[in-house]
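Here's the structure, in structure tokens; my notes come after.
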Amino acid sequence: MSRIGNNPIIVPDGVTIDFNNNVINVKGKLGELSQEINPNISISISDNKIVFSRSNDQKENRSLHGLYRALVSNMIIGVNDGYTKKLELIGVGYRATASGQKLDFSVGFSHNIVFEIPSEVKVTAETEKGKAPVITLTSHDKQLLGAVASKIRSYRKPEPYKGKGIRYMGEYVRRKAGKTAAS
């Protein structure tokens, strides 16, 4: 029994949902998203509630039941409120600037990295004196936002000795002790 899949989704005001030919479309003030649903999972929409059910209790259908419920819930939250991810650049000389859909950042390589951001994601870069530069990504698509943030982080992952690199805001980096001098 799927605990997540059995929970109904309450649709807030201002969000419209269409379900045709196993494709669900969610439209809100921030944008529009669509997701194809497996035919073994059925959806019933009534009175601003969406309820998911599965045709049988096979292992694949049980896993898809909770998956599609979570995906549609994330879509509804995204088009209504949106999602935000923040990355901070920890290191001497690390900096970032955003112009339009291009993010230009310097993270210790011999050249700057120019990263093209998809049009669905908005990017800003702030630099305060005495603090690490912060890259803020906002979007209505949670999957795309996570993929873009992960790709930016992959250019310079935090290293365990000095802690330098690109990390998510609030991420804990486990530190290691360095070598000790021979006596």
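For the structure tokens, the naming scheme is as follows: chains receive sequential letters (A, B, ...) according to their order of presentation, residues are indexed from 1 within each chain, and ligands are indexed from 1 in presentation order.
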
Next item on the list: Return as an MDAnalysis selection string the full set of residues in range 96-140 of chain A whose backbone-based DSSP assignment is strand (DSSP E).
Entry: chainID A and resid 96:99 102:106 113:116 122:126 134:139

Check: as an MDAnalysis selection string, which residues of chain A does DSSP assign to helix (DSSP H, G or I)?
Finding: chainID A and resid 3:6 59:80 142:154

Take the selection from the previous step and output its residues with C-alpha atoms, as a CSV table (one decimal), in the first residue's frame.
```csv
chain,number,residue,atom,x,y,z
A,3,ARG,CA,1.1,5.9,1.7
A,4,ILE,CA,2.2,8.8,-0.6
A,5,GLY,CA,0.2,7.6,-3.6
A,6,ASN,CA,-3.0,7.4,-1.6
A,59,LYS,CA,5.7,-4.1,-7.8
A,60,GLU,CA,6.1,-1.7,-10.7
A,61,ASN,CA,2.6,-0.3,-10.4
A,62,ARG,CA,3.1,0.2,-6.6
A,63,SER,CA,6.2,2.3,-7.3
A,64,LEU,CA,4.7,4.3,-10.1
A,65,HIS,CA,1.7,5.1,-7.9
A,66,GLY,CA,3.7,7.2,-5.5
A,67,LEU,CA,6.0,8.5,-8.2
A,68,TYR,CA,3.3,10.1,-10.3
A,69,ARG,CA,1.5,11.5,-7.3
A,70,ALA,CA,4.7,13.2,-6.2
A,71,LEU,CA,5.5,14.5,-9.7
A,72,VAL,CA,2.1,16.0,-10.1
A,73,SER,CA,2.2,17.5,-6.6
A,74,ASN,CA,5.6,19.1,-7.5
A,75,MET,CA,4.2,20.4,-10.7
A,76,ILE,CA,1.2,22.1,-8.9
A,77,ILE,CA,3.5,23.7,-6.3
A,78,GLY,CA,5.9,24.8,-9.1
A,79,VAL,CA,3.3,26.6,-11.3
A,80,ASN,CA,1.7,28.2,-8.2
A,142,LYS,CA,11.6,21.3,-10.1
A,143,GLN,CA,13.3,18.7,-12.2
A,144,LEU,CA,15.0,21.2,-14.5
A,145,LEU,CA,16.0,23.4,-11.7
A,146,GLY,CA,17.7,20.5,-9.9
A,147,ALA,CA,19.5,19.4,-13.0
A,148,VAL,CA,20.8,23.0,-13.8
A,149,ALA,CA,22.0,23.5,-10.2
A,150,SER,CA,23.7,20.1,-10.2
A,151,LYS,CA,25.5,20.9,-13.5
A,152,ILE,CA,26.8,24.2,-12.1
A,153,ARG,CA,28.0,22.5,-9.0
A,154,SER,CA,29.7,19.8,-11.0
```

Note to self: Set the distance at 7 Å and use only C-alpha atoms: which residues neighbour Tyr168 in chain A once local chain neighbours fewer than 3 positions away are removed? I'd like the list as a ChimeraX atom specification.
What the structure shows: /A:86-88,171

Pull N, CA, C and O atoms from the residues just selected and write them as a PDB file, in the first residue's frame.
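Saved to part00.pdb:
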```
ATOM      1  N   LYS A  86      19.825  27.905  -4.154  1.00  0.00           N
ATOM      2  CA  LYS A  86      20.933  28.839  -4.021  1.00  0.00           C
ATOM      3  C   LYS A  86      22.234  28.058  -3.945  1.00  0.00           C
ATOM      4  O   LYS A  86      22.321  27.041  -3.261  1.00  0.00           O
ATOM      5  N   LEU A  87      23.229  28.549  -4.680  1.00  0.00           N
ATOM      6  CA  LEU A  87      24.564  27.968  -4.664  1.00  0.00           C
ATOM      7  C   LEU A  87      25.538  29.031  -4.190  1.00  0.00           C
ATOM      8  O   LEU A  87      25.420  30.194  -4.583  1.00  0.00           O
ATOM      9  N   GLU A  88      26.499  28.642  -3.348  1.00  0.00           N
ATOM     10  CA  GLU A  88      27.512  29.604  -2.933  1.00  0.00           C
ATOM     11  C   GLU A  88      28.883  29.143  -3.389  1.00  0.00           C
ATOM     12  O   GLU A  88      29.164  27.946  -3.423  1.00  0.00           O
ATOM     13  N   GLU A 171      24.658  23.478   2.672  1.00  0.00           N
ATOM     14  CA  GLU A 171      25.206  22.125   2.542  1.00  0.00           C
ATOM     15  C   GLU A 171      26.395  21.961   3.488  1.00  0.00           C
ATOM     16  O   GLU A 171      27.246  22.837   3.603  1.00  0.00           O
TER      17      GLU A 171
END
```

Margin query: Rounded to one decimal, what separation in Å do you get between CA of Gly178 in chain A and CA of Tyr161 in chain A?
Written below: 6.6 Å

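The closest residue to Val15 in chain A, picked from A:Gln58, A:Asn48, A:Asn112, A:Thr138 and counting only C-alpha atoms, is A:Asn48.
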
Next item on the list: Determine, counting only C-alpha atoms, which protein, DNA and RNA residues have an atom within 9 Å of an atom of Lys162 in chain A; residues of the same chain fewer than 5 positions away are not included. Present the result as number ranges by chain.
Entry: A: 91, 175-176

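Going from CA of Lys122 in chain A over to CA of Lys157 in chain A, you cover 22.1 Å.
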
Margin query: Env of Arg156 in chain A: 9 Å cut, atoms = only C-alpha atoms, seq-sep filter 4 positions within chain, self excluded. Answer as a ChimeraX atom specification.
Written below: /A:107-108,152,164-167

For the selection you just gave me, I'd like the residues written to a file as an mmCIF file, in the first residue's frame, keeping C-alpha atoms.
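The file below, result_11.cif, is the result:
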```cif
data_model
loop_
_atom_site.group_PDB
_atom_site.id
_atom_site.type_symbol
_atom_site.label_atom_id
_atom_site.label_comp_id
_atom_site.auth_asym_id
_atom_site.auth_seq_id
_atom_site.Cartn_x
_atom_site.Cartn_y
_atom_site.Cartn_z
ATOM 1 C CA VAL A 107 36.277 29.074 -9.893
ATOM 2 C CA GLY A 108 40.042 28.694 -10.008
ATOM 3 C CA ILE A 152 26.766 24.189 -12.138
ATOM 4 C CA LYS A 164 36.619 25.196 -1.505
ATOM 5 C CA GLY A 165 34.155 24.771 -4.367
ATOM 6 C CA ILE A 166 30.551 25.359 -5.367
ATOM 7 C CA ARG A 167 28.047 24.114 -2.809
#
```

Next item on the list: For Val134 in chain A, please output as a ChimeraX atom specification all residues within 12 Å (counting only C-alpha atoms; exclusion window: fewer than 2 positions along the same chain).
Entry: /A:85-90,94-98,103,105,123-129,131-132,136-137,166-170

Checklist line | Selected residue of minimal separation from Tyr83 in chain A among A:Pro158, A:Tyr172, A:Asn25, A:Ser139, counting only C-alpha atoms | finding: A:Ser139

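Straight-line separation from CA of Ile50 in chain A to CA of Glu32 in chain A: 17.5 Å.
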
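Closest to Ile43 in chain A among A:Val114, A:Val121, A:Val23, A:Ile135 is A:Val23, based on only C-alpha atoms.
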
Checklist line | Shortest interatomic distance to Gly28 in chain A - which of A:Asp47, A:Thr180, A:Asp141, A:Glu159, counting only C-alpha atoms | finding: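 When distances to Gly28 in chain A are compared using only C-alpha atoms, the smallest one comes from A:Asp141.
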